[in-house]
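Take a look at the structure below.
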Amino acid sequence: MLPTPAIAALCEKFPLMTELMALQPLSWFNPAIAPAAVALRDVGLTADDVADASARLARFAPYLAKAFPETGASGGIIESPVVPLPGMQAALGIAPGKLWLKLDSHLPISGSIKARGGIYEVLKHAEMLALDAGLLQPGADCSLLASDAVRAFFGQYAIAVGSTGNLGLSIGIMSARLGFRATVHMSADARQWKKDKLRSHGVTVVEYATDYSVAVEAGREQAQNDPTCHFVDDENSHDLFLGYAVAGERLKRQFAAAGVTVDAGHPLFVYLPCGVGGGPGGVAFGLKLAFGDAVHCVFVEPTHSPCMLLGVYTGLHERISVQEIGIDNLTAADGLAVGRPSGFVGRAMQRLIDGYATVSDEELYRLLATLEQTQGFRLEPSAVAGFAGIAPVLAAPQYQAQLEMATHLVWGTGGSMVPEQEMAAYVARGRTLLAAGDV
Ligand SMILES: *Cc1c(COP(=O)(O)O)cnc(C)c1O
């Protein structure tokens, strides 16, 4: 924790700090928001980089269809449906506008948003190694990487990552299927079933009694001591970020096919759960490229882990952690249990994210139970955080003139692989809280 005078100085300079430290759900709209045409230049990555990532995923589609038959129906393209949520909209009393849900909770292979960035980075690394070794010709379809000979070749290489759970699942399952030696360094928040699942895929899981930042550091160290090891750097990786960003053009096509208009007169508000920031940051980058100023992105974090809000609000980015201001980083939203944000994402996206909100664990349980009751979708606590961003937007003066024709899209980020018993306990907890009317 920072010394008391340093905290007092922060509170004086940044009035929201007091509420943040008191763990009160709050929202903050970014006064530095700028037009996409200007602010996209901050990112240091371009539409061409996203197009390159998209083309790479297309080259790998035949491989994925072969290695993961569950992706066969979509021809090896890992994508999730987007669905309207009339029942949930009525239950939450959201008006005007229309509420939709992006079901990344149901992405194949790892059942979370991490199937975008995590799998992309592993595929890109595999492609690079196979090209260098002459096992693959440039531009060729990658399904030949599924052969035993290529798997044996990848077995000379290792991949390591630090994770609160879902990134580990994506990286671990993908790496092991390609033949890599995969190690996942898991923070204390990681659920037991995620560790068990990884071990069943032949992944080495190293457990830590500490939080995410320590697990990431351990992965970084492992890779530094082993020249054959690639470290997936959740805090800084451009490849992860680009893998997530491909979602933007995909959503644009999905909305066009569904007859949902997004333009200056029909704004799109997208609500993204935020942990370290790579997932929501990358998706938001792709959305800004696809929809420009017609899309407004809002990040939502647990009241106990508001690292991105803290970093962007104070301008200190990765130089401050929630623990340093006395917040414990303990939350039921294990995918969001991150105390120190990605400085890369915080800076790159500083003028592109409209706002930030925080949500209590109790509210997450109520939201997941309400979603289950009204629409039958079962998401994990982290994955419903986006719903908590809607009320602050509806109340914000700057949006009032636009709300009539608005689409609200909650990015549902995980849950389809949660074991039945665990999911039943989540839903029961939410129903109990709802019945208690304890709001
Ligand atoms: C990882 C994760 C997020 C947030 O992604 P970050 O890149 O950590 O910000 C959101 N929801 C779920 C379910 C996740 O696993």
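The chains in the structure tokens are called A, B, ... from first to last as shown; in each chain the residues are counted from 1, and the ligands are counted from 1 in the order shown.
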### Query
Which neighbours of Lys124 in chain A fall inside 10 Å, counting only C-alpha atoms, when residues of the same chain fewer than 3 positions from it are skipped, and could you give them as a list of chain:residue names?
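After dropping sequence-adjacent residues, the list is A:Ala53, A:Arg56, A:Leu57, A:Phe60, A:Ile119, A:Tyr120, A:Glu121, A:Glu127, A:Met128, A:Leu129, A:Ala130, A:Asp239, A:Leu240, A:Gly243.
When the distance limit is 10 Å and only C-alpha atoms are what count, the residues near Leu379 in chain A, minus those fewer than 3 positions from it on the same chain, are Leu103, Asp104, Ser105, His106, Ser112, Tyr365, Leu367, Leu368, Ala369, Leu371, Glu372, Gly376, Ser382, Ala383, Val384, Gly412, Thr413, Gly414, Gly415, Ser416, Met417, Val418, Met423, Tyr426 and Val427 of chain A.
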Using 6 Å as the limit and counting only C-alpha atoms, can you tabulate each residue of range 227-327 of chain A that touches range 141-160 of chain A, with its shortest atom-to-atom distance in Å and the two atoms involved, as a tab-separated table?
residue	atom	partner	partner_atom	distance
A:Thr228	CA	A:Tyr157	CA	5.0
A:Cys229	CA	A:Ala158	CA	4.3
A:His230	CA	A:Ile159	CA	4.8
A:Phe231	CA	A:Ala160	CA	4.9
Expected file contents, prior selection, C-alpha atoms, as a PDB file, in the first residue's frame:
ATOM      1  CA  THR A 228      12.718 -22.385 -26.956  1.00  0.00           C
ATOM      2  CA  CYS A 229       9.892 -20.906 -24.865  1.00  0.00           C
ATOM      3  CA  HIS A 230       7.445 -18.283 -26.139  1.00  0.00           C
ATOM      4  CA  PHE A 231       5.796 -16.233 -23.403  1.00  0.00           C
TER       5      PHE A 231
END
**OP:** Can you list, as a list in words, all residues belonging to range 371-419 of chain A that DSSP tags as helix (DSSP H, G or I)?
**Re:**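 Selecting the helix (DSSP H, G or I) positions of range 371-419 of chain A gives Leu371, Glu372, Gln373, Thr374, Gln375, Pro381, Ser382, Ala383, Val384, Ala385, Gly386, Phe387, Ala388, Gly389, Ile390, Ala391, Pro392, Val393, Leu394, Ala395, Pro397, Gln398, Tyr399, Gln400, Ala401, Gln402, Leu403, Glu404 and Met405 of chain A.
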Print the selection's residues with N, CA and C atoms to a file, as a tab-separated table (two decimals), in the first residue's frame.
chain	number	residue	atom	x	y	z
A	371	LEU	N	-30.42	-13.20	-16.13
A	371	LEU	CA	-30.19	-13.61	-17.53
A	371	LEU	C	-30.62	-15.06	-17.74
A	372	GLU	N	-30.30	-15.89	-16.76
A	372	GLU	CA	-30.67	-17.31	-16.86
A	372	GLU	C	-32.19	-17.45	-16.86
A	373	GLN	N	-32.84	-16.70	-15.97
A	373	GLN	CA	-34.29	-16.78	-15.82
A	373	GLN	C	-35.04	-16.26	-17.05
A	374	THR	N	-34.55	-15.14	-17.61
A	374	THR	CA	-35.30	-14.49	-18.68
A	374	THR	C	-34.97	-15.04	-20.05
A	375	GLN	N	-33.72	-15.50	-20.24
A	375	GLN	CA	-33.29	-15.87	-21.60
A	375	GLN	C	-32.68	-17.26	-21.68
A	381	PRO	N	-19.73	-15.34	-13.56
A	381	PRO	CA	-19.87	-13.99	-12.98
A	381	PRO	C	-19.14	-12.90	-13.77
A	382	SER	N	-17.88	-13.14	-14.16
A	382	SER	CA	-17.14	-12.12	-14.93
A	382	SER	C	-17.90	-11.69	-16.17
A	383	ALA	N	-18.57	-12.65	-16.79
A	383	ALA	CA	-19.09	-12.48	-18.14
A	383	ALA	C	-20.32	-11.60	-18.23
A	384	VAL	N	-20.97	-11.34	-17.09
A	384	VAL	CA	-22.18	-10.51	-17.12
A	384	VAL	C	-21.91	-9.08	-16.65
A	385	ALA	N	-20.65	-8.77	-16.38
A	385	ALA	CA	-20.31	-7.45	-15.83
A	385	ALA	C	-20.82	-6.33	-16.74
A	386	GLY	N	-20.80	-6.55	-18.06
A	386	GLY	CA	-21.20	-5.51	-19.00
A	386	GLY	C	-22.57	-4.91	-18.72
A	387	PHE	N	-23.50	-5.74	-18.23
A	387	PHE	CA	-24.86	-5.23	-17.97
A	387	PHE	C	-24.84	-4.03	-17.03
A	388	ALA	N	-23.85	-3.99	-16.14
A	388	ALA	CA	-23.79	-2.91	-15.15
A	388	ALA	C	-23.36	-1.58	-15.77
A	389	GLY	N	-22.93	-1.60	-17.01
A	389	GLY	CA	-22.54	-0.34	-17.67
A	389	GLY	C	-23.70	0.40	-18.30
A	390	ILE	N	-24.86	-0.27	-18.42
A	390	ILE	CA	-25.96	0.33	-19.18
A	390	ILE	C	-26.60	1.51	-18.42
A	391	ALA	N	-26.91	1.30	-17.15
A	391	ALA	CA	-27.60	2.36	-16.39
A	391	ALA	C	-26.80	3.67	-16.39
A	392	PRO	N	-25.48	3.63	-16.17
A	392	PRO	CA	-24.73	4.90	-16.23
A	392	PRO	C	-24.83	5.59	-17.59
A	393	VAL	N	-24.85	4.81	-18.67
A	393	VAL	CA	-24.99	5.43	-20.00
A	393	VAL	C	-26.37	6.06	-20.15
A	394	LEU	N	-27.40	5.34	-19.71
A	394	LEU	CA	-28.76	5.87	-19.84
A	394	LEU	C	-28.93	7.17	-19.03
A	395	ALA	N	-28.13	7.32	-17.98
A	395	ALA	CA	-28.25	8.50	-17.12
A	395	ALA	C	-27.31	9.64	-17.53
A	397	PRO	N	-25.79	12.71	-19.35
A	397	PRO	CA	-26.40	13.78	-20.15
A	397	PRO	C	-25.93	13.80	-21.60
A	398	GLN	N	-24.66	13.45	-21.84
A	398	GLN	CA	-24.12	13.60	-23.20
A	398	GLN	C	-24.75	12.66	-24.22
A	399	TYR	N	-25.45	11.61	-23.75
A	399	TYR	CA	-26.03	10.64	-24.71
A	399	TYR	C	-27.53	10.81	-24.91
A	400	GLN	N	-28.17	11.68	-24.10
A	400	GLN	CA	-29.64	11.70	-24.07
A	400	GLN	C	-30.27	11.83	-25.46
A	401	ALA	N	-29.70	12.70	-26.30
A	401	ALA	CA	-30.31	12.97	-27.60
A	401	ALA	C	-30.24	11.75	-28.53
A	402	GLN	N	-29.37	10.79	-28.21
A	402	GLN	CA	-29.13	9.67	-29.13
A	402	GLN	C	-29.79	8.36	-28.71
A	403	LEU	N	-30.36	8.33	-27.50
A	403	LEU	CA	-30.73	7.03	-26.92
A	403	LEU	C	-31.92	6.36	-27.61
A	404	GLU	N	-32.80	7.17	-28.20
A	404	GLU	CA	-34.01	6.62	-28.80
A	404	GLU	C	-33.70	5.51	-29.82
A	405	MET	N	-32.67	5.71	-30.65
A	405	MET	CA	-32.35	4.77	-31.73
A	405	MET	C	-31.13	3.90	-31.38
Between A:Ala115, A:Ala55, A:Ile325, A:Leu409, which residue has the minimum interatomic distance to ligand 1, considering only C-alpha atoms and all ligand atoms?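 For ligand 1, the nearest of the candidates is A:Ala115.
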| request: For range 31-42 of chain A, work out the shell of residues within 8 Å, counting only C-alpha atoms and skipping chain neighbours fewer than 2 positions away, then give it as a VMD selection string. | output: chain A and resid 29 44 to 46 285 288 to 289 292 to 293 347 to 354
With 7 Å as the cut-off and only C-alpha atoms and all ligand atoms counted, what is the closest atom pair between each nearby residue of chain A and ligand 1? Distances in Å to one decimal, ordered by chain and number, as a Markdown table.
| residue | atom | partner | partner_atom_place_in_ligand_line | distance |
| --- | --- | --- | --- | --- |
| A:Ser112 | CA | ligand 1 | 13 (C) | 5.8 |
| A:Ile113 | CA | ligand 1 | 14 (C) | 6.2 |
| A:Lys114 | CA | ligand 1 | 1 (C) | 6.3 |
| A:Gly165 | CA | ligand 1 | 15 (O) | 6.9 |
| A:Asn166 | CA | ligand 1 | 15 (O) | 4.6 |
| A:Leu167 | CA | ligand 1 | 1 (C) | 6.3 |
| A:Pro273 | CA | ligand 1 | 10 (C) | 4.8 |
| A:Cys274 | CA | ligand 1 | 9 (O) | 4.0 |
| A:Gly275 | CA | ligand 1 | 9 (O) | 3.4 |
| A:Val276 | CA | ligand 1 | 9 (O) | 4.1 |
| A:Gly277 | CA | ligand 1 | 9 (O) | 3.3 |
| A:Gly278 | CA | ligand 1 | 7 (O) | 3.7 |
| A:Gly279 | CA | ligand 1 | 7 (O) | 3.5 |
| A:Pro280 | CA | ligand 1 | 9 (O) | 5.5 |
| A:Gly335 | CA | ligand 1 | 15 (O) | 4.0 |
| A:Leu336 | CA | ligand 1 | 3 (C) | 5.6 |
| A:Glu380 | CA | ligand 1 | 13 (C) | 6.7 |
| A:Ser382 | CA | ligand 1 | 13 (C) | 4.9 |
| A:Ala383 | CA | ligand 1 | 13 (C) | 4.6 |
| A:Thr413 | CA | ligand 1 | 13 (C) | 4.4 |
| A:Gly414 | CA | ligand 1 | 13 (C) | 4.1 |
| A:Gly415 | CA | ligand 1 | 13 (C) | 7.0 |
Keeping N, CA and C atoms, export the residues of the selection given above as a PDB file, in the first residue's frame.
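Dumped to selection.pdb:
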ATOM      1  N   SER A 112     -14.673 -18.905 -23.905  1.00  0.00           N
ATOM      2  CA  SER A 112     -14.596 -17.513 -23.425  1.00  0.00           C
ATOM      3  C   SER A 112     -13.995 -16.626 -24.498  1.00  0.00           C
ATOM      4  N   ILE A 113     -14.029 -15.332 -24.230  1.00  0.00           N
ATOM      5  CA  ILE A 113     -13.462 -14.335 -25.148  1.00  0.00           C
ATOM      6  C   ILE A 113     -11.997 -14.636 -25.449  1.00  0.00           C
ATOM      7  N   LYS A 114     -11.316 -15.365 -24.547  1.00  0.00           N
ATOM      8  CA  LYS A 114      -9.893 -15.675 -24.743  1.00  0.00           C
ATOM      9  C   LYS A 114      -9.654 -16.599 -25.928  1.00  0.00           C
ATOM     10  N   GLY A 165      -7.196 -17.905 -15.388  1.00  0.00           N
ATOM     11  CA  GLY A 165      -7.955 -19.099 -15.765  1.00  0.00           C
ATOM     12  C   GLY A 165      -8.256 -19.202 -17.244  1.00  0.00           C
ATOM     13  N   ASN A 166      -9.052 -18.268 -17.758  1.00  0.00           N
ATOM     14  CA  ASN A 166      -9.541 -18.447 -19.123  1.00  0.00           C
ATOM     15  C   ASN A 166      -8.468 -18.277 -20.202  1.00  0.00           C
ATOM     16  N   LEU A 167      -7.530 -17.363 -20.000  1.00  0.00           N
ATOM     17  CA  LEU A 167      -6.457 -17.237 -20.986  1.00  0.00           C
ATOM     18  C   LEU A 167      -5.625 -18.520 -20.974  1.00  0.00           C
ATOM     19  N   PRO A 273     -16.631  -6.428 -20.136  1.00  0.00           N
ATOM     20  CA  PRO A 273     -15.957  -6.716 -18.868  1.00  0.00           C
ATOM     21  C   PRO A 273     -14.452  -6.557 -19.045  1.00  0.00           C
ATOM     22  N   CYS A 274     -13.795  -5.944 -18.080  1.00  0.00           N
ATOM     23  CA  CYS A 274     -12.361  -5.672 -18.216  1.00  0.00           C
ATOM     24  C   CYS A 274     -11.556  -6.263 -17.061  1.00  0.00           C
ATOM     25  N   GLY A 275     -10.520  -7.038 -17.423  1.00  0.00           N
ATOM     26  CA  GLY A 275      -9.551  -7.531 -16.444  1.00  0.00           C
ATOM     27  C   GLY A 275      -8.274  -6.721 -16.619  1.00  0.00           C
ATOM     28  N   VAL A 276      -7.276  -7.323 -17.289  1.00  0.00           N
ATOM     29  CA  VAL A 276      -6.033  -6.582 -17.541  1.00  0.00           C
ATOM     30  C   VAL A 276      -6.229  -5.579 -18.676  1.00  0.00           C
ATOM     31  N   GLY A 277      -7.218  -5.845 -19.541  1.00  0.00           N
ATOM     32  CA  GLY A 277      -7.580  -4.874 -20.570  1.00  0.00           C
ATOM     33  C   GLY A 277      -7.379  -5.333 -22.008  1.00  0.00           C
ATOM     34  N   GLY A 278      -6.618  -6.392 -22.209  1.00  0.00           N
ATOM     35  CA  GLY A 278      -6.301  -6.831 -23.573  1.00  0.00           C
ATOM     36  C   GLY A 278      -7.532  -7.251 -24.364  1.00  0.00           C
ATOM     37  N   GLY A 279      -8.398  -8.051 -23.732  1.00  0.00           N
ATOM     38  CA  GLY A 279      -9.603  -8.524 -24.420  1.00  0.00           C
ATOM     39  C   GLY A 279     -10.521  -7.368 -24.794  1.00  0.00           C
ATOM     40  N   PRO A 280     -11.009  -6.626 -23.803  1.00  0.00           N
ATOM     41  CA  PRO A 280     -11.907  -5.517 -24.137  1.00  0.00           C
ATOM     42  C   PRO A 280     -11.212  -4.445 -24.970  1.00  0.00           C
ATOM     43  N   GLY A 335     -12.259 -14.002 -13.812  1.00  0.00           N
ATOM     44  CA  GLY A 335     -11.659 -13.540 -15.068  1.00  0.00           C
ATOM     45  C   GLY A 335     -11.258 -12.073 -15.034  1.00  0.00           C
ATOM     46  N   LEU A 336     -11.767 -11.353 -14.041  1.00  0.00           N
ATOM     47  CA  LEU A 336     -11.498  -9.912 -13.963  1.00  0.00           C
ATOM     48  C   LEU A 336     -10.642  -9.561 -12.755  1.00  0.00           C
ATOM     49  N   GLU A 380     -20.733 -17.049 -16.671  1.00  0.00           N
ATOM     50  CA  GLU A 380     -20.010 -16.978 -15.401  1.00  0.00           C
ATOM     51  C   GLU A 380     -20.038 -15.538 -14.864  1.00  0.00           C
ATOM     52  N   SER A 382     -17.882 -13.136 -14.158  1.00  0.00           N
ATOM     53  CA  SER A 382     -17.139 -12.122 -14.927  1.00  0.00           C
ATOM     54  C   SER A 382     -17.896 -11.689 -16.175  1.00  0.00           C
ATOM     55  N   ALA A 383     -18.570 -12.653 -16.786  1.00  0.00           N
ATOM     56  CA  ALA A 383     -19.085 -12.478 -18.138  1.00  0.00           C
ATOM     57  C   ALA A 383     -20.319 -11.596 -18.228  1.00  0.00           C
ATOM     58  N   THR A 413     -18.732 -12.739 -21.893  1.00  0.00           N
ATOM     59  CA  THR A 413     -17.363 -13.163 -22.190  1.00  0.00           C
ATOM     60  C   THR A 413     -16.980 -14.583 -21.785  1.00  0.00           C
ATOM     61  N   GLY A 414     -17.847 -15.310 -21.075  1.00  0.00           N
ATOM     62  CA  GLY A 414     -17.437 -16.664 -20.702  1.00  0.00           C
ATOM     63  C   GLY A 414     -18.535 -17.418 -19.979  1.00  0.00           C
ATOM     64  N   GLY A 415     -18.417 -18.737 -19.941  1.00  0.00           N
ATOM     65  CA  GLY A 415     -19.343 -19.498 -19.113  1.00  0.00           C
ATOM     66  C   GLY A 415     -19.785 -20.851 -19.627  1.00  0.00           C
TER      67      GLY A 415
END
- Message: With DSSP run on the backbone, what are the strand (DSSP E) residues within range 262-359 of chain A? I'd like them as a ChimeraX atom specification.
- Response: /A:268-273,295-302,355-359
Generate the output file for the selected residues, C-alpha atoms, as a compact mmCIF listing (two decimals), in the first residue's frame.
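File result.txt, as written:
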# COMPACT_ATOMS: atom_id res chain seq x y z
CA LEU A 268 -24.09 1.39 -30.75
CA PHE A 269 -23.10 1.15 -27.08
CA VAL A 270 -20.88 -1.83 -26.26
CA TYR A 271 -20.31 -2.95 -22.67
CA LEU A 272 -17.15 -4.99 -22.07
CA PRO A 273 -15.96 -6.72 -18.87
CA VAL A 295 -19.77 3.04 -31.48
CA HIS A 296 -19.26 3.93 -27.82
CA CYS A 297 -17.33 1.45 -25.66
CA VAL A 298 -17.73 1.18 -21.90
CA PHE A 299 -15.51 -1.05 -19.74
CA VAL A 300 -16.89 -2.63 -16.56
CA GLU A 301 -14.78 -3.94 -13.67
CA PRO A 302 -15.48 -5.43 -10.22
CA GLY A 355 -16.42 5.34 -19.98
CA TYR A 356 -15.76 2.96 -17.11
CA ALA A 357 -18.06 1.50 -14.49
CA THR A 358 -17.66 -0.80 -11.50
CA VAL A 359 -19.99 -3.51 -10.22
